[in-house]
$ cat structure_3.txt   # compact mmCIF, C-alpha atoms
# COMPACT_ATOMS: atom_id res chain seq x y z
CA MET A 232 6.33 -14.80 0.91
CA ASP A 233 8.42 -12.26 2.76
CA LEU A 234 6.99 -9.06 4.20
CA ARG A 235 8.65 -6.65 1.76
CA LYS A 236 7.45 -8.54 -1.28
CA LYS A 237 3.92 -8.76 0.09
CA GLN A 238 3.92 -5.04 0.86
CA ARG A 239 5.14 -4.25 -2.66
CA VAL A 240 2.42 -6.44 -4.20
CA VAL A 241 -0.23 -4.61 -2.17
CA LEU A 242 1.08 -1.17 -3.12
CA GLU A 243 1.33 -2.01 -6.80
CA ALA A 244 -2.22 -3.43 -6.77
CA LEU A 245 -3.51 -0.22 -5.17
CA GLU A 246 -1.62 1.91 -7.69
CA ASP A 247 -3.04 -0.17 -10.60
CA ILE A 248 -6.60 0.95 -9.78
CA LYS A 249 -5.60 4.53 -8.86
CA GLY A 250 -5.86 4.24 -5.09
CA ARG A 251 -5.28 7.57 -3.38
CA ASP A 252 -3.52 8.77 -0.23
CA ILE A 253 -1.77 5.45 0.36
CA VAL A 254 0.12 5.19 3.65
CA VAL A 255 1.91 2.26 5.26
CA PHE A 256 2.46 2.00 9.01
CA ASN A 257 5.03 -0.22 10.67
CA THR A 258 3.21 -1.90 13.55
CA ALA A 259 5.82 -4.57 14.28
CA ARG A 260 6.67 -3.06 17.69
CA MET A 261 3.04 -2.75 18.71
CA PRO A 262 1.22 -5.62 20.40
CA SER A 263 -0.62 -6.73 17.28
CA MET A 264 -0.87 -9.79 15.09
CA PHE A 265 0.49 -8.03 12.00
CA GLU A 266 3.53 -5.99 11.02
CA ARG A 267 2.14 -3.52 8.49
CA VAL A 268 -1.07 -1.54 8.15
CA VAL A 269 -1.80 -0.11 4.71
CA ILE A 270 -4.50 2.55 4.37
CA ALA A 271 -5.78 3.79 1.00
CA SER A 272 -8.78 5.70 -0.34
CA GLY A 273 -11.05 5.13 -3.30
CA ASP A 274 -13.25 7.85 -4.78
CA SER A 275 -16.43 5.75 -4.79
CA THR A 276 -17.80 2.53 -3.32
CA ARG A 277 -17.25 0.91 -6.71
CA GLN A 278 -13.58 1.91 -6.69
CA VAL A 279 -13.13 0.79 -3.06
CA LYS A 280 -14.47 -2.66 -4.02
CA ALA A 281 -12.28 -2.76 -7.15
CA LEU A 282 -9.20 -1.86 -5.10
CA ALA A 283 -9.96 -4.63 -2.59
CA ASP A 284 -10.53 -7.14 -5.39
CA ARG A 285 -7.24 -6.16 -7.04
CA VAL A 286 -5.29 -6.51 -3.79
CA GLN A 287 -6.73 -9.99 -3.26
CA GLU A 288 -6.10 -11.01 -6.87
CA LYS A 289 -2.48 -9.85 -6.91
CA ALA A 290 -1.78 -11.30 -3.47
CA ARG A 291 -3.04 -14.74 -4.51
CA GLU A 292 -1.14 -14.58 -7.82
CA SER A 293 2.09 -13.93 -5.91
CA GLY A 294 1.47 -16.85 -3.56
CA ALA A 295 0.21 -14.96 -0.51
CA ARG A 296 -2.78 -16.17 1.46
CA VAL A 297 -5.84 -13.98 1.96
CA TYR A 298 -7.04 -14.77 5.48
CA GLY A 299 -10.22 -12.73 5.34
CA VAL A 300 -12.11 -9.82 3.82
CA GLU A 301 -14.64 -7.63 5.61
CA GLY A 302 -16.93 -4.88 4.36
CA GLU A 303 -17.29 -5.86 0.71
CA ALA A 304 -21.07 -5.61 0.85
CA SER A 305 -21.16 -1.89 1.64
CA GLY A 306 -17.96 -0.87 -0.14
CA GLU A 307 -17.37 2.11 2.14
CA TRP A 308 -14.59 0.41 4.11
CA VAL A 309 -13.07 -2.90 3.05
CA LEU A 310 -10.45 -4.65 5.15
CA VAL A 311 -8.21 -7.25 3.49
CA ASP A 312 -6.28 -9.46 5.93
CA LEU A 313 -3.07 -10.89 4.47
CA GLY A 314 -1.67 -12.09 7.79
CA ASP A 315 1.28 -9.84 8.54
CA VAL A 316 -0.16 -7.08 6.31
CA VAL A 317 -3.64 -5.65 6.87
CA VAL A 318 -5.10 -3.37 4.19
CA HIS A 319 -7.84 -0.81 4.88
CA ILE A 320 -9.44 0.63 1.75
CA MET A 321 -11.91 3.38 2.52
CA HIS A 322 -14.17 5.99 1.03
CA PRO A 323 -12.64 9.41 1.92
CA THR A 324 -15.54 10.47 4.20
CA VAL A 325 -15.29 7.23 6.17
CA ARG A 326 -11.53 7.59 6.36
CA ASP A 327 -11.83 11.12 7.70
CA PHE A 328 -14.40 10.04 10.29
CA TYR A 329 -12.44 7.07 11.70
CA ASN A 330 -8.99 8.66 11.29
CA LEU A 331 -7.06 5.39 11.42
CA GLU A 332 -3.82 7.28 10.85
CA GLU A 333 -4.13 8.57 14.40
CA VAL A 334 -4.95 5.12 15.76
CA TRP A 335 -1.94 3.44 14.14
CA GLY A 336 0.07 6.65 14.26
CA GLY A 337 3.74 6.59 14.75
CA LYS A 338 6.14 6.07 11.95
CA THR A 339 5.04 5.57 8.38
CA VAL A 340 7.03 3.31 6.09
CA ARG A 341 8.58 5.05 3.11
CA PHE A 342 8.30 3.17 -0.12
CA GLN A 343 9.14 3.54 -3.76
CA LEU A 344 7.19 1.43 -6.23
CA LYS A 345 9.52 1.61 -9.19
CA LYS A 346 13.27 1.90 -9.10
CA PRO A 347 14.62 4.94 -10.94
CA LYS A 348 16.70 4.18 -14.01
CA ARG A 349 20.42 4.44 -13.41
CA ARG A 350 22.18 6.89 -15.60
CA GLY A 351 25.72 6.67 -16.91
CA LYS A 352 28.70 8.36 -15.25
CA ALA A 353 28.74 11.27 -17.73
CA ALA A 354 25.02 11.93 -17.25
CA ARG A 355 25.45 12.06 -13.45
CA SER A 356 28.19 14.64 -13.57
CA GLY A 357 25.96 17.02 -15.53
CA ARG A 358 28.76 18.33 -17.74
CA LYS A 359 31.98 17.19 -19.33
CA ARG A 360 35.34 18.08 -17.86
CA GLN A 361 37.22 20.80 -19.66
CA ALA A 362 40.85 20.47 -20.56
CA ALA A 363 43.22 22.56 -18.39

$ encode --input "structure_3.txt" --output "structure tokens"
Amino acid sequence: MDLRKKQRVVLEALEDIKGRDIVVFNTARMPSMFERVVIASGDSTRQVKALADRVQEKARESGARVYGVEGEASGEWVLVDLGDVVVHIMHPTVRDFYNLEEVWGGKTVRFQLKKPKRRGKAARSGRKRQAA
């Protein structure tokens, strides 16, 4: 599975369970074993676990391999390793304390989950042309 598709699957899975403050960092130029770091928050340990479960479920359904999962027992910070994409799902207080955004820093990846509907030519112009 290519990187973009895997990233999209992760983001959609997080959106499904109402993950908050989702950011994606491009780490391809850093000396790491992965190309993207995704960080998201859940409002409770139950939601953090549900988000991690959903990411794993959707990744497997799309053909991606889940290499490992850490932190499921506590549910305050769960890491899901998908190879070239690593997902950190955290309780907001834990996220604030560890401040991974500063660690991975740099440039975030902009993403759009759903493509906007294309409108017809007349709708784009906003008004009809008047006869001269």

$ atom_distance --input "structure_3.txt" --atom1 "CA of Gln238 (chain A)" --atom2 "CA of Asp274 (chain A)"
22.2 Å

$ residues_near_point --input "structure_3.txt" --point "(-15.2, -0.6, 2.8)" --cutoff "8 Å" --atoms "all atoms listed in the file" --output "ChimeraX atom specification"
/A:276,279-280,301-310,319-322

$ residues_near_point --input "structure_3.txt" --point "(-11.4, -12.8, 6.3)" --cutoff "10 Å" --atoms "all atoms listed in the file" --output "list in words"
Val297, Tyr298, Gly299, Val300, Glu301, Gly302, Leu310, Val311, Asp312, Leu313 and Gly314 of chain A

$ atom_distance --input "structure_3.txt" --atom1 "CA of Ala271 (chain A)" --atom2 "CA of Asp252 (chain A)"
5.6 Å

$ residues_around --input "structure_3.txt" --residues "Ile270 (chain A)" --least-positions-apart "2" --cutoff "12 Å" --atoms "all atoms listed in the file" --output "VMD selection string"
chain A and resid 238 241 to 242 245 250 to 257 267 to 268 272 to 273 279 282 to 283 308 to 311 316 to 323 325 to 327 329 to 336 339 to 340

$ atom_distance --input "structure_3.txt" --atom1 "CA of Arg260 (chain A)" --atom2 "CA of Arg296 (chain A)"
22.9 Å

$ residues_around --input "structure_3.txt" --residues "Ala244 (chain A)" --least-positions-apart "3" --cutoff "10 Å" --atoms "all atoms listed in the file" --output "JSON, numbers by chain"
{"A": [238, 239, 240, 241, 247, 248, 249, 250, 282, 283, 284, 285, 286, 287, 288, 289, 290]}

$ axis_aligned_box --input "structure_3.txt" --around "region 272-282 of chain A" --padding-each-side "3 Å" --output "lines of an AutoDock Vina configuration file"
center_x = -13.3
center_y = 2.5
center_z = -3.7
size_x = 15.0
size_y = 16.6
size_z = 12.8
